[in-house]
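So this block is final_3.txt, compact mmCIF, C-alpha atoms:
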```txt
# COMPACT_ATOMS: atom_id res chain seq x y z
CA MET A 59 74.69 113.15 111.33
CA ALA A 60 76.09 116.55 110.36
CA THR A 61 76.58 119.24 112.93
CA THR A 62 75.31 122.65 111.87
CA VAL A 63 77.00 125.83 112.99
CA THR A 64 75.07 129.08 113.13
CA GLY A 65 76.74 132.26 111.91
CA PRO A 66 79.94 132.57 109.93
CA ALA A 67 82.86 130.28 110.65
CA PRO A 68 85.81 131.87 112.44
CA ARG A 69 88.54 133.16 110.10
CA ALA A 70 90.96 130.36 111.07
CA THR A 71 88.24 127.76 110.47
CA ARG A 72 87.62 129.18 106.99
CA ALA A 73 91.35 129.02 106.29
CA LEU A 74 91.66 125.43 107.39
CA THR A 75 88.51 124.15 105.68
CA TRP A 76 89.13 125.88 102.35
CA GLY A 77 92.84 125.36 102.95
CA LEU A 78 92.32 121.62 102.64
CA PHE A 79 91.26 122.10 99.04
CA ALA A 80 94.09 124.60 98.38
CA ALA A 81 96.74 122.26 99.85
CA TRP A 82 95.28 119.34 97.91
CA LEU A 83 95.41 121.41 94.70
CA VAL A 84 99.08 122.33 95.16
CA HIS A 85 99.92 118.70 95.90
CA ASP A 86 97.93 117.34 92.98
CA LEU A 87 99.46 119.81 90.54
CA GLU A 88 102.75 118.08 91.34
CA GLU A 89 101.08 114.75 90.69
CA VAL A 90 99.64 115.93 87.36
CA ALA A 91 103.09 117.10 86.33
CA THR A 92 104.96 113.94 87.37
CA MET A 93 102.62 110.95 87.50
CA ARG A 94 102.91 109.96 83.84
CA ALA A 95 106.71 109.65 83.94
CA ASP A 96 106.71 108.01 87.37
CA SER A 97 103.98 105.54 86.37
CA ARG A 98 106.02 104.64 83.28
CA ARG A 99 108.84 103.39 85.53
CA VAL A 100 106.46 101.55 87.87
CA LEU A 101 104.21 99.93 85.25
CA ALA A 102 107.21 98.74 83.23
CA ARG A 103 108.04 96.47 86.19
CA VAL A 104 104.56 94.94 86.52
CA PRO A 105 104.73 91.24 85.59
CA ALA A 106 103.36 90.40 82.14
CA ALA A 107 100.81 88.08 83.78
CA VAL A 108 99.10 91.14 85.28
CA PRO A 109 96.73 92.59 82.69
CA LEU A 110 97.13 96.29 81.94
CA PRO A 111 95.45 98.45 79.32
CA ASP A 112 97.24 98.65 75.98
CA GLY A 113 100.23 100.95 76.09
CA TRP A 114 100.34 101.45 79.86
CA ARG A 115 103.18 99.00 80.52
CA LYS A 116 105.47 100.88 78.14
CA GLY A 117 104.08 104.42 78.29
CA GLY A 118 102.67 104.73 81.81
CA LEU A 119 99.33 106.29 82.67
CA PRO A 120 98.11 108.51 79.83
CA GLN A 121 98.18 112.20 80.78
CA ARG A 122 94.47 112.53 80.02
CA HIS A 123 93.76 109.69 82.48
CA VAL A 124 95.85 111.41 85.16
CA GLY A 125 94.00 114.68 84.64
CA VAL A 126 90.56 113.07 84.83
CA ALA A 127 91.47 111.03 87.94
CA VAL A 128 92.78 114.15 89.68
CA ALA A 129 89.65 116.11 88.75
CA LEU A 130 87.44 113.33 90.13
CA MET A 131 89.34 113.27 93.41
CA GLY A 132 89.18 117.06 93.44
CA THR A 133 85.40 116.93 93.54
CA VAL A 134 85.57 114.73 96.64
CA VAL A 135 88.05 117.04 98.39
CA ALA A 136 86.07 120.13 97.37
CA ALA A 137 82.86 118.60 98.76
CA ALA A 138 84.59 117.76 102.04
CA SER A 139 86.00 121.30 102.24
CA VAL A 140 82.58 122.85 101.59
CA HIS A 141 81.00 120.62 104.23
CA GLY A 142 83.81 121.46 106.65
CA HIS A 143 83.24 125.16 106.05
CA ARG A 144 79.49 124.89 106.59
CA THR A 145 79.99 123.05 109.87
CA GLY A 146 82.89 125.07 111.23
CA GLY A 147 85.23 122.12 110.72
CA ARG A 148 83.02 119.76 112.74
CA SER A 149 81.76 117.43 110.00
CA VAL A 150 82.90 113.82 109.89
CA SER A 151 83.45 114.05 106.12
CA TYR A 152 85.75 117.08 106.43
CA GLN A 153 87.76 115.73 109.34
CA SER A 154 88.04 112.29 107.73
CA ALA A 155 89.24 113.86 104.46
CA LEU A 156 91.73 115.97 106.43
CA LEU A 157 93.07 112.92 108.26
CA ALA A 158 93.27 110.86 105.06
CA PHE A 159 95.09 113.74 103.35
CA GLY A 160 97.70 113.91 106.11
CA VAL A 161 98.20 110.15 106.30
CA HIS A 162 98.54 109.90 102.53
CA GLY A 163 101.36 112.48 102.71
CA PHE A 164 103.33 110.07 104.89
CA GLY A 165 102.56 107.35 102.34
CA HIS A 166 104.21 109.39 99.58
CA VAL A 167 107.34 109.90 101.70
CA ALA A 168 107.46 106.19 102.66
CA LEU A 169 107.07 105.14 99.03
CA SER A 170 109.99 107.33 97.97
CA LEU A 171 112.15 106.01 100.82
CA ALA A 172 111.30 102.42 99.84
CA ALA A 173 112.02 103.13 96.16
CA ARG A 174 115.15 105.15 97.04
CA ARG A 175 114.19 107.75 94.47
CA TYR A 176 111.75 110.52 93.74
CA THR A 177 108.19 109.30 93.37
CA THR A 178 105.12 111.34 92.49
CA GLY A 179 104.04 113.64 95.31
CA LEU A 180 107.32 113.59 97.24
CA VAL A 181 108.09 117.31 96.99
CA THR A 182 104.77 118.61 98.31
CA SER A 183 104.09 115.88 100.88
CA PRO A 184 106.62 117.09 103.49
CA THR A 185 106.34 120.76 102.49
CA VAL A 186 102.57 121.20 102.00
CA VAL A 187 100.49 118.09 102.85
CA ILE A 188 101.90 117.11 106.24
CA PRO A 189 102.46 120.66 107.55
CA PHE A 190 98.94 121.71 106.50
CA TRP A 191 97.44 118.63 108.16
CA LEU A 192 99.33 119.25 111.41
CA TRP A 193 98.36 122.95 111.41
CA ALA A 194 94.69 122.22 110.68
CA ARG A 195 94.49 119.60 113.45
CA HIS A 196 96.09 122.06 115.88
CA ARG A 197 93.70 124.87 114.85
CA LEU A 198 90.64 122.63 115.21
CA ARG A 199 91.70 121.69 118.75
CA ALA A 200 92.54 125.32 119.60
CA GLU A 201 89.03 126.36 118.51
CA GLY A 202 87.48 123.62 120.63
CA VAL A 203 86.24 121.59 117.67
CA PRO A 204 85.85 117.96 118.75
CA ALA A 205 87.60 115.29 116.69
CA THR A 206 85.07 113.45 114.53
CA ALA A 207 87.21 111.70 111.90
CA SER A 208 85.92 108.24 111.09
CA PRO A 209 88.52 105.45 110.84
CA ARG A 210 86.19 103.72 108.35
CA ALA A 211 86.07 106.83 106.18
CA VAL A 212 89.86 107.10 106.25
CA ALA A 213 90.17 103.39 105.39
CA ALA A 214 87.91 104.05 102.40
CA THR A 215 90.62 106.25 100.89
CA VAL A 216 92.37 103.39 99.09
CA PRO A 217 89.18 102.08 97.46
CA LEU A 218 88.30 105.68 96.60
CA LEU A 219 91.65 106.12 94.83
CA TRP A 220 91.09 102.89 92.89
CA THR A 221 87.57 103.99 92.01
CA THR A 222 88.70 107.38 90.69
CA HIS A 223 91.31 105.69 88.51
CA ALA A 224 88.83 103.07 87.28
CA LEU A 225 86.29 105.77 86.44
CA ALA A 226 88.98 107.90 84.78
CA TYR A 227 89.97 104.87 82.71
CA ARG A 228 86.38 104.29 81.60
CA LEU A 229 85.81 107.97 80.79
CA THR A 230 89.04 108.39 78.84
CA ARG A 231 88.69 105.03 77.09
CA ARG A 232 85.30 106.11 75.73
CA ALA A 233 86.76 109.43 74.61
CA ARG A 234 89.61 107.65 72.78
CA GLY A 235 87.12 105.33 71.08
CA ARG A 236 84.95 108.25 69.87
CA ARG A 237 87.89 110.24 68.55
CA GLY A 238 89.37 107.22 66.86
CA ASP A 239 92.91 108.61 67.20
CA LEU A 240 93.97 106.16 69.90
CA SER A 241 93.25 102.47 70.12
CA VAL A 242 90.71 101.24 72.62
CA PRO A 243 92.47 98.88 75.05
CA SER A 244 91.56 95.31 74.29
CA GLY A 245 93.00 93.55 77.35
CA ARG A 246 91.24 92.70 80.60
CA VAL A 247 91.26 95.49 83.16
```
Spell out the structure here as structure tokens.
Amino acid sequence: MATTVTGPAPRATRALTWGLFAAWLVHDLEEVATMRADSRRVLARVPAAVPLPDGWRKGGLPQRHVGVAVALMGTVVAAASVHGHRTGGRSVSYQSALLAFGVHGFGHVALSLAARRYTTGLVTSPTVVIPFWLWARHRLRAEGVPATASPRAVAATVPLLWTTHALAYRLTRRARGRRGDLSVPSGRV
């Protein structure tokens, strides 16, 4: 049910559709740089009854896992940005990704407030994620683009995050097994 736009997208529409990917990239570079250390603190507190891959409870998410998970999510955001560009910002997938991006920024801030400390993504959420989301929503309305975000698509964000991490785990676990330089996790996951 995609809407097709004839002719080039207005300059502001190009900025906000490709800007989604750019804002995501800035935000996720912070996550790549900080997620391993932050996950080390979080996973150390997970009860022993909860199965985790070998080494994660003590060492946090392996950096290779973080990189693969971010790259997988990047393909989703890039696809939404491309579709948004092709439709002048009208596509459900673009607007749903934009809404999920903005909402997730508030999640980062709330998590840090609850933890009473820095958590991954805190720096760029109020300085990049939320301001970009607010600007893009404003620009879409100013250009007369109807809101098409799907609440179901936004709700799918959490399972999508879990899926990217599960896939990253499987991909990096296989790579560790082939190289033989790291043990293959033996616990249930």
Would you give me, as a Markdown table, each residue of stretch 97-193 of chain A having an atom within 8 Å of an atom of stretch 205-222 of chain A, along with its shortest atom pair and that distance in Å to one decimal, using all atoms listed in the file and sorting by chain and residue number?
```
| residue | atom | partner | partner_atom | distance |
| --- | --- | --- | --- | --- |
| A:Ala127 | CA | A:Thr222 | CA | 5.3 |
| A:Val128 | CA | A:Thr222 | CA | 8.0 |
| A:Leu130 | CA | A:Thr222 | CA | 6.1 |
| A:Met131 | CA | A:Thr222 | CA | 6.5 |
| A:Arg148 | CA | A:Thr206 | CA | 6.9 |
| A:Ser149 | CA | A:Thr206 | CA | 6.9 |
| A:Val150 | CA | A:Thr206 | CA | 5.1 |
| A:Ser151 | CA | A:Ala207 | CA | 7.3 |
| A:Tyr152 | CA | A:Ala207 | CA | 7.8 |
| A:Gln153 | CA | A:Ala207 | CA | 4.8 |
| A:Ser154 | CA | A:Ala207 | CA | 4.3 |
| A:Ala155 | CA | A:Val212 | CA | 7.0 |
| A:Leu157 | CA | A:Val212 | CA | 6.9 |
| A:Ala158 | CA | A:Val212 | CA | 5.2 |
```
Once you count all atoms listed in the file, what closest atom pair and distance in Å to one decimal does each residue of stretch 64-157 of chain A within 7 Å of stretch 177-186 of chain A have, with rows by chain and rising residue number, as CSV?
```
residue,atom,partner,partner_atom,distance
A:Ala81,CA,A:Val186,CA,6.3
A:His85,CA,A:Thr182,CA,5.4
A:Glu88,CA,A:Gly179,CA,6.1
A:Glu89,CA,A:Thr178,CA,5.6
A:Thr92,CA,A:Thr178,CA,5.7
A:Met93,CA,A:Thr178,CA,5.6
A:Asp96,CA,A:Thr178,CA,6.3
```
Export of prior selection with C-alpha atoms as an mmCIF file, in the coordinates of the input:
```
data_model
loop_
_atom_site.group_PDB
_atom_site.id
_atom_site.type_symbol
_atom_site.label_atom_id
_atom_site.label_comp_id
_atom_site.auth_asym_id
_atom_site.auth_seq_id
_atom_site.Cartn_x
_atom_site.Cartn_y
_atom_site.Cartn_z
ATOM 1 C CA ALA A 81 96.740 122.260 99.850
ATOM 2 C CA HIS A 85 99.920 118.700 95.900
ATOM 3 C CA GLU A 88 102.750 118.080 91.340
ATOM 4 C CA GLU A 89 101.080 114.750 90.690
ATOM 5 C CA THR A 92 104.960 113.940 87.370
ATOM 6 C CA MET A 93 102.620 110.950 87.500
ATOM 7 C CA ASP A 96 106.710 108.010 87.370
#
```
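Atom CA of A:Ser170 is found 27.1 Å from atom CA of A:Ala136.
Nearest-residue note for A:Val84: choosing from A:Leu229, A:Ala194, A:Val104, A:Val187, the minimum distance belongs to A:Val187, counting only C-alpha atoms.
Remark: for A:Gly142, the closest of the candidate residues A:Val126, A:Ala73, A:Ala224, A:Val108 is A:Ala73 (distances computed over all atoms listed in the file).
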Between atom CA of A:Phe159 and atom CA of A:Trp114, what is the distance in Å, rounded to a tenth?
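Interatomic distance here is 27.0 Å.
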Nearest to A:Val124, chosen from A:Val203, A:Ala91, A:Ala137, A:Ala107, with only C-alpha atoms counted in the distances
A:Ala91
One decimal, Å: what's the distance from atom CA of A:Gly77 over to atom CA of A:Arg94, could you say?
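Result for atom CA of A:Gly77 versus atom CA of A:Arg94: 26.5 Å, one decimal.
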Nearest to A:Ala129, chosen from A:Leu83, A:Gly202, A:Tyr176, A:Trp191, with all atoms listed in the file counted in the distances
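Comparing A:Leu83, A:Gly202, A:Tyr176, A:Trp191 against A:Ala129, the winner is A:Leu83.
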Listed atoms of stretch 150-164 of chain A boxed axis-aligned with 4 Å per side, centre + edges as AutoDock Vina command-line options:
```
--center_x 93.1 --center_y 113.5 --center_z 106.2 --size_x 28.4 --size_y 15.2 --size_z 15.4
```
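The shortest atom-to-atom distance to A:His162, with only C-alpha atoms taken into account, belongs to A:Ile188 out of A:Arg72, A:Ser139, A:Ile188, A:Gly113.
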Reconstruct N, CA and C atoms of stretch 120-141 of chain A from the incomplete input and present them as an mmCIF file, in the frame of the given file.
```
data_model
loop_
_atom_site.group_PDB
_atom_site.id
_atom_site.type_symbol
_atom_site.label_atom_id
_atom_site.label_comp_id
_atom_site.auth_asym_id
_atom_site.auth_seq_id
_atom_site.Cartn_x
_atom_site.Cartn_y
_atom_site.Cartn_z
ATOM 1 N N PRO A 120 98.272 107.396 80.768
ATOM 2 C CA PRO A 120 98.110 108.510 79.830
ATOM 3 C C PRO A 120 97.828 109.814 80.586
ATOM 4 N N GLN A 121 98.348 110.916 80.098
ATOM 5 C CA GLN A 121 98.180 112.200 80.780
ATOM 6 C C GLN A 121 96.709 112.568 80.928
ATOM 7 N N ARG A 122 95.909 112.234 79.936
ATOM 8 C CA ARG A 122 94.470 112.530 80.020
ATOM 9 C C ARG A 122 93.836 111.755 81.183
ATOM 10 N N HIS A 123 94.244 110.508 81.364
ATOM 11 C CA HIS A 123 93.760 109.690 82.480
ATOM 12 C C HIS A 123 94.137 110.346 83.812
ATOM 13 N N VAL A 124 95.383 110.767 83.933
ATOM 14 C CA VAL A 124 95.850 111.410 85.160
ATOM 15 C C VAL A 124 95.005 112.647 85.458
ATOM 16 N N GLY A 125 94.784 113.466 84.449
ATOM 17 C CA GLY A 125 94.000 114.680 84.640
ATOM 18 C C GLY A 125 92.574 114.401 85.077
ATOM 19 N N VAL A 126 91.940 113.413 84.469
ATOM 20 C CA VAL A 126 90.560 113.070 84.830
ATOM 21 C C VAL A 126 90.511 112.495 86.244
ATOM 22 N N ALA A 127 91.448 111.621 86.591
ATOM 23 C CA ALA A 127 91.470 111.030 87.940
ATOM 24 C C ALA A 127 91.662 112.116 88.997
ATOM 25 N N VAL A 128 92.547 113.051 88.737
ATOM 26 C CA VAL A 128 92.780 114.150 89.680
ATOM 27 C C VAL A 128 91.534 115.020 89.801
ATOM 28 N N ALA A 129 90.880 115.296 88.695
ATOM 29 C CA ALA A 129 89.650 116.110 88.750
ATOM 30 C C ALA A 129 88.559 115.396 89.542
ATOM 31 N N LEU A 130 88.434 114.084 89.367
ATOM 32 C CA LEU A 130 87.440 113.330 90.130
ATOM 33 C C LEU A 130 87.728 113.386 91.622
ATOM 34 N N MET A 131 88.983 113.187 91.985
ATOM 35 C CA MET A 131 89.340 113.270 93.410
ATOM 36 C C MET A 131 89.141 114.693 93.914
ATOM 37 N N GLY A 132 89.390 115.663 93.053
ATOM 38 C CA GLY A 132 89.180 117.060 93.440
ATOM 39 C C GLY A 132 87.749 117.351 93.824
ATOM 40 N N THR A 133 86.800 116.704 93.172
ATOM 41 C CA THR A 133 85.400 116.930 93.540
ATOM 42 C C THR A 133 85.112 116.392 94.939
ATOM 43 N N VAL A 134 85.747 115.294 95.297
ATOM 44 C CA VAL A 134 85.570 114.730 96.640
ATOM 45 C C VAL A 134 86.172 115.665 97.686
ATOM 46 N N VAL A 135 87.389 116.149 97.436
ATOM 47 C CA VAL A 135 88.050 117.040 98.390
ATOM 48 C C VAL A 135 87.309 118.371 98.479
ATOM 49 N N ALA A 136 86.837 118.877 97.352
ATOM 50 C CA ALA A 136 86.070 120.130 97.370
ATOM 51 C C ALA A 136 84.787 119.964 98.183
ATOM 52 N N ALA A 137 84.092 118.846 97.998
ATOM 53 C CA ALA A 137 82.860 118.600 98.760
ATOM 54 C C ALA A 137 83.150 118.521 100.249
ATOM 55 N N ALA A 138 84.227 117.847 100.624
ATOM 56 C CA ALA A 138 84.590 117.760 102.040
ATOM 57 C C ALA A 138 84.947 119.139 102.593
ATOM 58 N N SER A 139 85.637 119.941 101.795
ATOM 59 C CA SER A 139 86.000 121.300 102.240
ATOM 60 C C SER A 139 84.762 122.165 102.425
ATOM 61 N N VAL A 140 83.833 122.085 101.486
ATOM 62 C CA VAL A 140 82.580 122.850 101.590
ATOM 63 C C VAL A 140 81.824 122.421 102.845
ATOM 64 N N HIS A 141 81.726 121.109 103.053
ATOM 65 C CA HIS A 141 81.000 120.620 104.230
ATOM 66 C C HIS A 141 81.722 121.038 105.504
#
```
